[in-house]
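J.: The structure's right below; bear with me while I get my questions together.
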Number of protein chains: 2
Amino acid sequence: MAGRLMIGIDLGGTNIKGAVVDEAGHIVTAHSIETRSELGFAKVAGRIADLAKHLLKQVSGQEVIGIGIGAPGPLSHAEGIIYRAPNLPGSENYPLAKELREKLNRPVSLENDANAAAYGEFLAGAGAKYDSMVLLTLGTGVGGGVVLDGQLLRGQFESAGEVGHMIVVPNGRPCPCHQKGCLERYASANAIGERLTEAVQAGETSLLSSRIESGAKVSSHDVLNAREAGCSLAARIWDEACLYLAVACVNLQHLINPQLIVMAGGLINAGDELLEPVKQHFDEHSWRIGNDRPEIALATLHTDAGVIGAAGLAVK
Amino acid sequence: MAGRLMIGIDLGGTNIKGAVVDEAGHIVTAHSIETRSELGFAKVAGRIADLAKHLLKQVSGQEVIGIGIGAPGPLSHAEGIIYRAPNLPGSENYPLAKELREKLNRPVSLENDANAAAYGEFLAGAGAKYDSMVLLTLGTGVGGGVVLDGQLLRGQFESAGEVGHMIVVPNGRPCPCHQKGCLERYASANAIGERLTEAVQAGETSLLSSRIESGAKVSSHDVLNAREAGCSLAARIWDEACLYLAVACVNLQHLINPQLIVMAGGLINAGDELLEPVKQHFDEHSWRIGNDRPEIALATLHTDAGVIGAAGLAVK
């Protein structure tokens, strides 16, 4: 029977996921509720406290040594404050860790959600047998986190591991962050659909041309299907996404030199259609000096990485 | 009068530099000898030992707690072995640390020269007041090192901090390392001269055209002079080197999030002609999210960084 337990919370714009997690990163019990962000952030903080209390009750009699929250940022782990989370109105400069500490009478740590997911995957997922790992989360955007020798790399200004804003094409596609040519502008689920749409609008042809001309939005899933159906434009855009991911992996290899690079997020539903071309481009584009190539793999925890990582970070 | 002292050795293909260094990273006394690599590496190792003994004699009566060697790689710090240093014949798999430990009766640590220089600049140079720093050494090639929270980042395979082989132009200029578009192929002293030569050979005009047509080699210094004399091709190539350095800084900002990025090596003789355009491009190309911009500065220790860093690492 369990040693010490932690609670992990994954705060999103739509749902708040919670779980009781053991020290090996296994989920003992889990529960989710709606965020109800329209109620304002003070109410959302109350809902997080209620969820944590509910989970504490589930394991009453056992020791729960801390509570970790993974939340959208920017935020400060050191100060326990959310600076502003665009999908959570009223969250500006909210001292969430302190408030929950008082309400729950236990240590509470706040971490950005991408770091929490990276740490979860490191603790109990694809990285469980490794000492150092970088996570790339390929969803609406591209996020990530870096774990070195078992420690999350937060960086001097608490914004290390922002792998999606690595510039892979100098003066490339504009990014809302103001940069040009960010990885996120080529290899996120959104970017893949957008790039195909732009190419068709610029006169190239695709199996998806008529859909685009009718004004429909194209997803990365549509691009993958069109590629499988023989659309050469879709194949090129998918392959370029994989190339830029491989370039990002080469840069991580040379700067950070991790054992493992893990891809997570919606895009990995493509499975080997994503993993194999990324690995092939990496093999082709990485240097021939030294035996220092990281392994490249897909995440295994899927949507549980956030709660597991947040719980694991609660005791660091 | 001094606390504990260390000896730092900077092993190069032409000279072996040595210094006694105090814990603050200040040089107490220094001495250099020729490497005489043509004698074979066993003799070179003997010369290193003799240099260290000479330095020990200079501070006899004082406590010298360790000896650090910065050497060209690839090598293993963990094992104290040089794998093969192309300019040092006979160095293949040479157990240098063990041999010197036995000859000198003191702890000996072996480190690659770029890491030693990074740590030296961190300890007593441009990084002395900072907690985290990345060094970019802009010479024949581009090397570097990463210091996080006062610790050198070695990486899982002991090859972290290879900033020169970050890919800044996917499918760009070929590099001898086998990659294409490495930073080193745009922003090293060699690359800047080569790129201007290639542009002239491809039909562009430059104040240096007649020199190139006569078969003379063009240096980065020549390019800088031509730029100052109004050559627009030289100005463009110099500016592109600064742009790619800035892109590398943006990527370091997002992945590692250091407080400070320091440029060192022969190219920094250009002073503000290098620093200012790199800073301008960085300001323009970095995101507008968060206050997480590193400072960018020039190294201050010049050729002493290696011995100081090697000495500092001897006691880590």
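Ligands are numbered from 1 in the order shown, residues from 1 within each chain, and chains are lettered A, B, ... in the order they appear in the structure tokens.
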As an MDAnalysis selection string, please: every residue in segment 227-309 of chain A that DSSP puts in helix (DSSP H, G or I).
T.: chainID A and resid 227:228 232:255 266:270 272:285 302:309
J.: Any chance you can output those residues with C-alpha atoms as a PDB file, in the first residue's frame?
T.:
```pdb
ATOM      1  CA  ARG A 227      -1.294  13.183 -48.044  1.00  0.00           C
ATOM      2  CA  GLU A 228      -2.382   9.580 -47.656  1.00  0.00           C
ATOM      3  CA  SER A 232       1.590  16.061 -53.266  1.00  0.00           C
ATOM      4  CA  LEU A 233       1.096  19.524 -51.749  1.00  0.00           C
ATOM      5  CA  ALA A 234      -0.179  17.989 -48.511  1.00  0.00           C
ATOM      6  CA  ALA A 235       2.782  15.590 -48.552  1.00  0.00           C
ATOM      7  CA  ARG A 236       5.216  18.475 -48.974  1.00  0.00           C
ATOM      8  CA  ILE A 237       3.722  20.555 -46.159  1.00  0.00           C
ATOM      9  CA  TRP A 238       3.567  17.593 -43.793  1.00  0.00           C
ATOM     10  CA  ASP A 239       7.156  16.715 -44.656  1.00  0.00           C
ATOM     11  CA  GLU A 240       8.326  20.290 -44.080  1.00  0.00           C
ATOM     12  CA  ALA A 241       6.724  20.236 -40.622  1.00  0.00           C
ATOM     13  CA  CYS A 242       8.693  17.064 -39.891  1.00  0.00           C
ATOM     14  CA  LEU A 243      11.890  18.644 -41.280  1.00  0.00           C
ATOM     15  CA  TYR A 244      11.586  21.693 -39.014  1.00  0.00           C
ATOM     16  CA  LEU A 245      10.865  19.453 -36.031  1.00  0.00           C
ATOM     17  CA  ALA A 246      14.043  17.547 -36.889  1.00  0.00           C
ATOM     18  CA  VAL A 247      16.021  20.801 -37.137  1.00  0.00           C
ATOM     19  CA  ALA A 248      14.699  21.733 -33.695  1.00  0.00           C
ATOM     20  CA  CYS A 249      15.846  18.325 -32.413  1.00  0.00           C
ATOM     21  CA  VAL A 250      19.339  18.897 -33.882  1.00  0.00           C
ATOM     22  CA  ASN A 251      19.524  22.249 -32.109  1.00  0.00           C
ATOM     23  CA  LEU A 252      18.402  20.673 -28.832  1.00  0.00           C
ATOM     24  CA  GLN A 253      21.038  17.967 -29.319  1.00  0.00           C
ATOM     25  CA  HIS A 254      23.825  20.532 -29.649  1.00  0.00           C
ATOM     26  CA  LEU A 255      22.699  22.988 -26.998  1.00  0.00           C
ATOM     27  CA  GLY A 266      -2.716  16.275 -30.786  1.00  0.00           C
ATOM     28  CA  LEU A 267      -0.367  15.937 -33.742  1.00  0.00           C
ATOM     29  CA  ILE A 268       1.046  12.654 -32.402  1.00  0.00           C
ATOM     30  CA  ASN A 269      -2.239  10.950 -33.210  1.00  0.00           C
ATOM     31  CA  ALA A 270      -0.517  10.586 -36.588  1.00  0.00           C
ATOM     32  CA  ASP A 272       4.513   6.718 -37.208  1.00  0.00           C
ATOM     33  CA  GLU A 273       3.395   9.099 -39.957  1.00  0.00           C
ATOM     34  CA  LEU A 274       4.898  11.795 -37.740  1.00  0.00           C
ATOM     35  CA  LEU A 275       7.634   9.943 -35.878  1.00  0.00           C
ATOM     36  CA  GLU A 276       9.322   8.205 -38.807  1.00  0.00           C
ATOM     37  CA  PRO A 277       9.839  11.264 -41.041  1.00  0.00           C
ATOM     38  CA  VAL A 278      11.077  13.305 -38.057  1.00  0.00           C
ATOM     39  CA  LYS A 279      13.599  10.567 -37.246  1.00  0.00           C
ATOM     40  CA  GLN A 280      14.660  10.277 -40.894  1.00  0.00           C
ATOM     41  CA  HIS A 281      15.203  14.019 -41.242  1.00  0.00           C
ATOM     42  CA  PHE A 282      17.065  14.040 -37.935  1.00  0.00           C
ATOM     43  CA  ASP A 283      19.360  11.228 -39.089  1.00  0.00           C
ATOM     44  CA  GLU A 284      20.049  13.098 -42.301  1.00  0.00           C
ATOM     45  CA  HIS A 285      20.484  16.571 -40.790  1.00  0.00           C
ATOM     46  CA  HIS A 302      -1.440  11.674 -23.349  1.00  0.00           C
ATOM     47  CA  THR A 303      -3.761  13.886 -21.314  1.00  0.00           C
ATOM     48  CA  ASP A 304      -2.606  12.523 -17.944  1.00  0.00           C
ATOM     49  CA  ALA A 305       0.913  14.015 -18.236  1.00  0.00           C
ATOM     50  CA  GLY A 306      -0.212  17.352 -16.790  1.00  0.00           C
ATOM     51  CA  VAL A 307      -1.719  16.063 -13.532  1.00  0.00           C
ATOM     52  CA  ILE A 308       1.092  13.561 -12.986  1.00  0.00           C
ATOM     53  CA  GLY A 309       3.795  16.171 -13.606  1.00  0.00           C
TER      54      GLY A 309
END
```
J.: What are the residues of chain B lining chain A at 8 Å or less? Count only C-alpha atoms, and put the answer as a PyMOL selection string.
T.: chain B and resi 74+132+153-163+165-170+177-180+244+247+250-251+253-259+285-292
J.: Where does chain A end up after superposition onto chain B over all in-order Cα pairs? Give it as a short mmCIF file (atom, residue, chain, number, x, y, z; two decimals) with C-alpha atoms, in the first residue's frame.
T.:
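Wrote result.cif, looks like this:
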```cif
data_model
loop_
_atom_site.label_atom_id
_atom_site.label_comp_id
_atom_site.auth_asym_id
_atom_site.auth_seq_id
_atom_site.Cartn_x
_atom_site.Cartn_y
_atom_site.Cartn_z
CA MET A 1 47.19 36.60 1.29
CA ALA A 2 45.65 33.96 -0.88
CA GLY A 3 43.34 31.19 0.22
CA ARG A 4 43.43 28.00 -1.76
CA LEU A 5 44.97 27.99 -5.22
CA MET A 6 44.44 25.96 -8.38
CA ILE A 7 46.45 25.45 -11.53
CA GLY A 8 44.78 25.92 -14.90
CA ILE A 9 46.32 24.60 -18.12
CA ASP A 10 45.15 25.56 -21.61
CA LEU A 11 46.46 22.98 -24.05
CA GLY A 12 46.60 24.15 -27.67
CA GLY A 13 48.23 22.83 -30.82
CA THR A 14 50.98 25.48 -30.69
CA ASN A 15 51.32 26.53 -27.04
CA ILE A 16 50.54 25.22 -23.59
CA LYS A 17 49.47 28.04 -21.30
CA GLY A 18 49.54 27.58 -17.56
CA ALA A 19 48.56 29.72 -14.60
CA VAL A 20 48.13 29.58 -10.86
CA VAL A 21 44.68 30.97 -10.12
CA ASP A 22 42.97 31.89 -6.87
CA GLU A 23 39.38 31.01 -5.96
CA ALA A 24 38.09 34.33 -7.26
CA GLY A 25 39.51 33.48 -10.69
CA HIS A 26 42.45 35.87 -10.55
CA ILE A 27 45.80 34.84 -12.02
CA VAL A 28 48.56 34.73 -9.40
CA THR A 29 51.33 33.74 -11.78
CA ALA A 30 51.41 32.43 -15.35
CA HIS A 31 53.80 30.71 -17.71
CA SER A 32 53.57 29.35 -21.25
CA ILE A 33 55.62 26.87 -23.23
CA GLU A 34 55.50 25.48 -26.76
CA THR A 35 53.41 22.35 -27.24
CA ARG A 36 55.87 20.58 -29.58
CA SER A 37 53.07 18.31 -30.77
CA GLU A 38 55.46 16.75 -33.33
CA LEU A 39 57.16 14.92 -30.44
CA GLY A 40 54.05 12.78 -29.93
CA PHE A 41 51.42 13.06 -27.26
CA ALA A 42 53.26 11.15 -24.52
CA LYS A 43 55.96 13.82 -24.67
CA VAL A 44 53.31 16.58 -24.71
CA ALA A 45 51.78 15.09 -21.54
CA GLY A 46 55.25 15.18 -19.99
CA ARG A 47 55.60 18.84 -20.96
CA ILE A 48 52.25 19.62 -19.30
CA ALA A 49 53.48 17.92 -16.12
CA ASP A 50 56.74 19.91 -16.24
CA LEU A 51 54.82 23.17 -16.69
CA ALA A 52 52.59 22.32 -13.73
CA LYS A 53 55.63 21.49 -11.58
CA HIS A 54 57.22 24.79 -12.56
CA LEU A 55 54.07 26.64 -11.50
CA LEU A 56 53.85 24.67 -8.24
CA LYS A 57 57.38 25.79 -7.47
CA GLN A 58 56.39 29.43 -8.04
CA VAL A 59 53.87 29.20 -5.21
CA SER A 60 55.63 26.68 -2.99
CA GLY A 61 54.43 26.86 0.57
CA GLN A 62 50.89 27.64 -0.56
CA GLU A 63 48.11 25.10 -0.93
CA VAL A 64 47.34 24.07 -4.53
CA ILE A 65 44.26 21.92 -4.34
CA GLY A 66 43.84 20.78 -7.91
CA ILE A 67 44.83 21.06 -11.53
CA GLY A 68 42.40 21.61 -14.39
CA ILE A 69 43.25 21.02 -18.04
CA GLY A 70 41.34 22.58 -20.91
CA ALA A 71 42.07 20.61 -24.07
CA PRO A 72 40.76 20.32 -27.61
CA GLY A 73 38.30 17.46 -27.99
CA PRO A 74 36.40 15.36 -28.42
CA LEU A 75 37.24 14.18 -24.94
CA SER A 76 35.56 12.81 -21.84
CA HIS A 77 35.58 14.85 -18.66
CA ALA A 78 34.03 11.96 -16.74
CA GLU A 79 36.78 9.54 -17.79
CA GLY A 80 39.62 12.04 -18.10
CA ILE A 81 40.43 10.80 -21.60
CA ILE A 82 41.14 12.67 -24.83
CA TYR A 83 39.40 10.70 -27.59
CA ARG A 84 41.25 12.37 -30.44
CA ALA A 85 42.46 15.94 -30.88
CA PRO A 86 43.24 16.45 -34.58
CA ASN A 87 46.13 18.89 -33.89
CA LEU A 88 47.76 16.62 -31.29
CA PRO A 89 49.06 13.44 -32.96
CA GLY A 90 49.07 10.41 -30.69
CA SER A 91 46.34 11.79 -28.43
CA GLU A 92 43.86 9.06 -29.38
CA ASN A 93 42.17 7.65 -26.26
CA TYR A 94 44.91 9.12 -24.09
CA PRO A 95 44.18 8.89 -20.32
CA LEU A 96 45.61 12.33 -19.63
CA ALA A 97 43.93 13.04 -16.29
CA LYS A 98 45.06 9.77 -14.70
CA GLU A 99 48.64 10.16 -15.91
CA LEU A 100 48.93 13.72 -14.62
CA ARG A 101 47.26 12.78 -11.33
CA GLU A 102 50.01 10.22 -10.77
CA LYS A 103 52.78 12.57 -11.86
CA LEU A 104 51.58 15.56 -9.84
CA ASN A 105 50.01 13.87 -6.83
CA ARG A 106 46.94 16.08 -6.94
CA PRO A 107 43.38 15.91 -8.31
CA VAL A 108 43.37 16.58 -12.08
CA SER A 109 40.29 17.30 -14.13
CA LEU A 110 40.04 17.37 -17.91
CA GLU A 111 37.56 19.63 -19.71
CA ASN A 112 37.06 20.64 -23.30
CA ASP A 113 38.61 23.99 -24.08
CA ALA A 114 35.37 25.74 -25.06
CA ASN A 115 33.74 24.74 -21.76
CA ALA A 116 36.83 25.88 -19.86
CA ALA A 117 36.70 29.28 -21.60
CA ALA A 118 32.97 29.60 -20.86
CA TYR A 119 33.53 28.82 -17.21
CA GLY A 120 36.47 31.25 -17.01
CA GLU A 121 34.44 34.07 -18.48
CA PHE A 122 31.63 33.19 -16.05
CA LEU A 123 33.96 33.12 -13.04
CA ALA A 124 36.05 36.22 -13.59
CA GLY A 125 35.07 37.91 -16.85
CA ALA A 126 31.91 39.29 -18.43
CA GLY A 127 29.80 36.79 -16.48
CA ALA A 128 31.27 37.46 -13.04
CA LYS A 129 28.10 39.08 -11.70
CA TYR A 130 25.65 36.61 -13.27
CA ASP A 131 24.21 33.21 -12.34
CA SER A 132 23.76 31.81 -15.83
CA MET A 133 25.56 32.49 -19.06
CA VAL A 134 26.16 31.12 -22.54
CA LEU A 135 29.48 31.74 -24.32
CA LEU A 136 29.79 31.89 -28.10
CA THR A 137 33.43 31.73 -29.24
CA LEU A 138 33.75 33.23 -32.70
CA GLY A 139 37.07 32.15 -34.15
CA THR A 140 38.10 29.78 -36.93
CA GLY A 141 34.88 27.98 -36.03
CA VAL A 142 32.17 28.74 -33.50
CA GLY A 143 32.30 27.00 -30.13
CA GLY A 144 30.79 27.67 -26.78
CA GLY A 145 29.61 26.57 -23.41
CA VAL A 146 26.63 26.89 -21.10
CA VAL A 147 26.74 27.71 -17.37
CA LEU A 148 23.45 27.32 -15.44
CA ASP A 149 23.20 28.32 -11.80
CA GLY A 150 26.97 28.29 -11.55
CA GLN A 151 27.29 24.79 -13.01
CA LEU A 152 28.71 23.92 -16.39
CA LEU A 153 26.10 22.11 -18.50
CA ARG A 154 27.90 19.08 -19.91
CA GLY A 155 24.88 17.23 -21.27
CA GLN A 156 24.09 13.54 -21.33
CA PHE A 157 26.82 12.74 -23.84
CA GLU A 158 29.24 15.48 -22.73
CA SER A 159 28.61 17.58 -25.80
CA ALA A 160 26.17 20.27 -24.69
CA GLY A 161 26.95 23.87 -25.61
CA GLU A 162 27.99 23.14 -29.21
CA VAL A 163 26.40 26.42 -30.23
CA GLY A 164 28.31 26.60 -33.53
CA HIS A 165 26.41 23.60 -34.86
CA MET A 166 22.98 24.95 -34.18
CA ILE A 167 21.28 24.95 -37.60
CA VAL A 168 20.26 28.52 -38.43
CA VAL A 169 19.58 28.00 -42.16
CA PRO A 170 17.91 24.64 -42.90
CA ASN A 171 19.60 23.19 -45.99
CA GLY A 172 22.09 26.06 -45.92
CA ARG A 173 25.89 26.05 -46.41
CA PRO A 174 27.45 22.61 -45.94
CA CYS A 175 29.59 22.15 -42.82
CA PRO A 176 32.47 19.67 -42.45
CA CYS A 177 30.45 18.17 -39.56
CA HIS A 178 28.05 16.92 -42.29
CA GLN A 179 25.18 19.24 -41.34
CA LYS A 180 23.94 22.07 -43.51
CA GLY A 181 23.39 25.63 -42.37
CA CYS A 182 25.30 25.53 -39.05
CA LEU A 183 25.81 28.90 -37.33
CA GLU A 184 29.55 28.30 -37.81
CA ARG A 185 29.09 28.46 -41.59
CA TYR A 186 27.88 32.06 -41.38
CA ALA A 187 29.35 33.66 -38.28
CA SER A 188 32.87 32.31 -37.78
CA ALA A 189 35.85 34.41 -38.83
CA ASN A 190 36.56 31.90 -41.62
CA ALA A 191 32.98 31.75 -42.87
CA ILE A 192 32.70 35.53 -43.25
CA GLY A 193 35.75 35.62 -45.53
CA GLU A 194 34.60 32.54 -47.46
CA ARG A 195 31.09 33.88 -48.04
CA LEU A 196 32.41 37.10 -49.53
CA THR A 197 34.81 35.15 -51.72
CA GLU A 198 31.99 32.89 -52.94
CA ALA A 199 29.75 35.87 -53.68
CA VAL A 200 32.46 37.52 -55.79
CA GLN A 201 33.15 34.25 -57.59
CA ALA A 202 29.41 34.06 -58.30
CA GLY A 203 29.55 37.45 -60.01
CA GLU A 204 28.86 40.02 -57.28
CA THR A 205 31.18 43.00 -56.97
CA SER A 206 33.16 44.10 -53.95
CA LEU A 207 36.03 46.38 -53.07
CA LEU A 208 37.84 43.07 -52.50
CA SER A 209 37.09 41.69 -56.00
CA SER A 210 40.58 42.21 -57.43
CA ARG A 211 42.22 40.62 -54.40
CA ILE A 212 39.96 37.61 -54.71
CA GLU A 213 40.55 37.35 -58.46
CA SER A 214 44.30 37.33 -57.78
CA GLY A 215 43.75 34.26 -55.60
CA ALA A 216 44.35 35.91 -52.21
CA LYS A 217 42.44 34.68 -49.18
CA VAL A 218 40.01 37.10 -47.57
CA SER A 219 39.74 37.30 -43.79
CA SER A 220 36.86 38.53 -41.64
CA HIS A 221 39.08 41.51 -40.87
CA ASP A 222 39.30 42.31 -44.60
CA VAL A 223 35.51 42.09 -44.84
CA LEU A 224 35.12 44.46 -41.91
CA ASN A 225 37.59 46.93 -43.47
CA ALA A 226 35.82 46.74 -46.85
CA ARG A 227 32.50 47.37 -45.10
CA GLU A 228 33.93 50.45 -43.44
CA ALA A 229 35.26 51.61 -46.80
CA GLY A 230 31.73 51.44 -48.25
CA CYS A 231 31.60 47.98 -49.88
CA SER A 232 27.93 47.02 -49.87
CA LEU A 233 28.59 43.30 -50.38
CA ALA A 234 30.92 43.26 -47.37
CA ALA A 235 28.29 45.16 -45.38
CA ARG A 236 25.63 42.61 -46.31
CA ILE A 237 27.76 39.59 -45.40
CA TRP A 238 28.87 41.12 -42.11
CA ASP A 239 25.27 42.01 -41.31
CA GLU A 240 24.06 38.50 -42.13
CA ALA A 241 26.65 37.07 -39.73
CA CYS A 242 25.26 39.37 -37.04
CA LEU A 243 21.68 38.37 -37.94
CA TYR A 244 22.43 34.65 -37.57
CA LEU A 245 24.21 35.30 -34.28
CA ALA A 246 21.08 37.13 -33.12
CA VAL A 247 18.88 34.21 -34.22
CA ALA A 248 21.12 31.90 -32.21
CA CYS A 249 20.70 34.22 -29.21
CA VAL A 250 16.89 34.12 -29.61
CA ASN A 251 17.00 30.33 -29.64
CA LEU A 252 19.20 30.28 -26.54
CA GLN A 253 16.77 32.69 -24.87
CA HIS A 254 13.82 30.36 -25.47
CA LEU A 255 15.52 27.05 -24.76
CA ILE A 256 17.91 27.84 -21.90
CA ASN A 257 16.79 31.27 -20.78
CA PRO A 258 20.18 32.54 -19.56
CA GLN A 259 20.79 35.94 -17.97
CA LEU A 260 23.71 36.69 -20.24
CA ILE A 261 25.11 35.72 -23.63
CA VAL A 262 28.80 36.52 -24.15
CA MET A 263 30.65 36.60 -27.45
CA ALA A 264 34.38 35.80 -27.43
CA GLY A 265 37.10 34.89 -29.94
CA GLY A 266 38.95 36.74 -32.65
CA LEU A 267 35.84 38.23 -34.22
CA ILE A 268 35.17 40.39 -31.15
CA ASN A 269 38.17 42.53 -32.04
CA ALA A 270 35.52 44.28 -34.14
CA GLY A 271 34.04 45.57 -30.85
CA ASP A 272 30.86 47.58 -31.31
CA GLU A 273 30.88 46.85 -35.04
CA LEU A 274 29.93 43.32 -33.99
CA LEU A 275 28.06 43.87 -30.73
CA GLU A 276 25.69 46.63 -31.83
CA PRO A 277 24.27 44.93 -34.95
CA VAL A 278 23.86 41.65 -33.04
CA LYS A 279 21.94 43.49 -30.31
CA GLN A 280 19.82 45.35 -32.88
CA HIS A 281 18.91 42.17 -34.74
CA PHE A 282 18.17 40.47 -31.42
CA ASP A 283 15.85 43.30 -30.37
CA GLU A 284 14.06 43.09 -33.69
CA HIS A 285 13.85 39.29 -33.91
CA SER A 286 13.04 38.32 -30.32
CA TRP A 287 9.47 37.98 -29.15
CA ARG A 288 7.42 40.65 -27.41
CA ILE A 289 6.19 38.28 -24.68
CA GLY A 290 7.64 38.35 -21.20
CA ASN A 291 10.65 40.18 -19.79
CA ASP A 292 13.07 37.38 -20.36
CA ARG A 293 15.71 38.88 -22.62
CA PRO A 294 19.29 38.00 -21.83
CA GLU A 295 21.94 40.69 -21.94
CA ILE A 296 24.42 40.35 -24.77
CA ALA A 297 28.02 41.38 -24.16
CA LEU A 298 31.60 40.87 -25.28
CA ALA A 299 34.07 38.72 -23.36
CA THR A 300 36.60 40.55 -21.22
CA LEU A 301 39.24 37.91 -20.40
CA HIS A 302 40.41 37.25 -23.95
CA THR A 303 43.06 34.54 -24.01
CA ASP A 304 43.12 34.08 -20.22
CA ALA A 305 39.58 32.63 -20.06
CA GLY A 306 40.83 29.10 -20.76
CA VAL A 307 43.37 28.84 -17.93
CA ILE A 308 41.07 30.58 -15.44
CA GLY A 309 38.11 28.35 -16.33
CA ALA A 310 40.19 25.17 -16.30
CA ALA A 311 41.46 26.13 -12.83
CA GLY A 312 37.95 26.91 -11.60
CA LEU A 313 36.63 23.59 -12.87
CA ALA A 314 39.45 21.73 -11.10
CA VAL A 315 37.64 22.25 -7.80
CA LYS A 316 34.04 21.60 -8.91
#
```
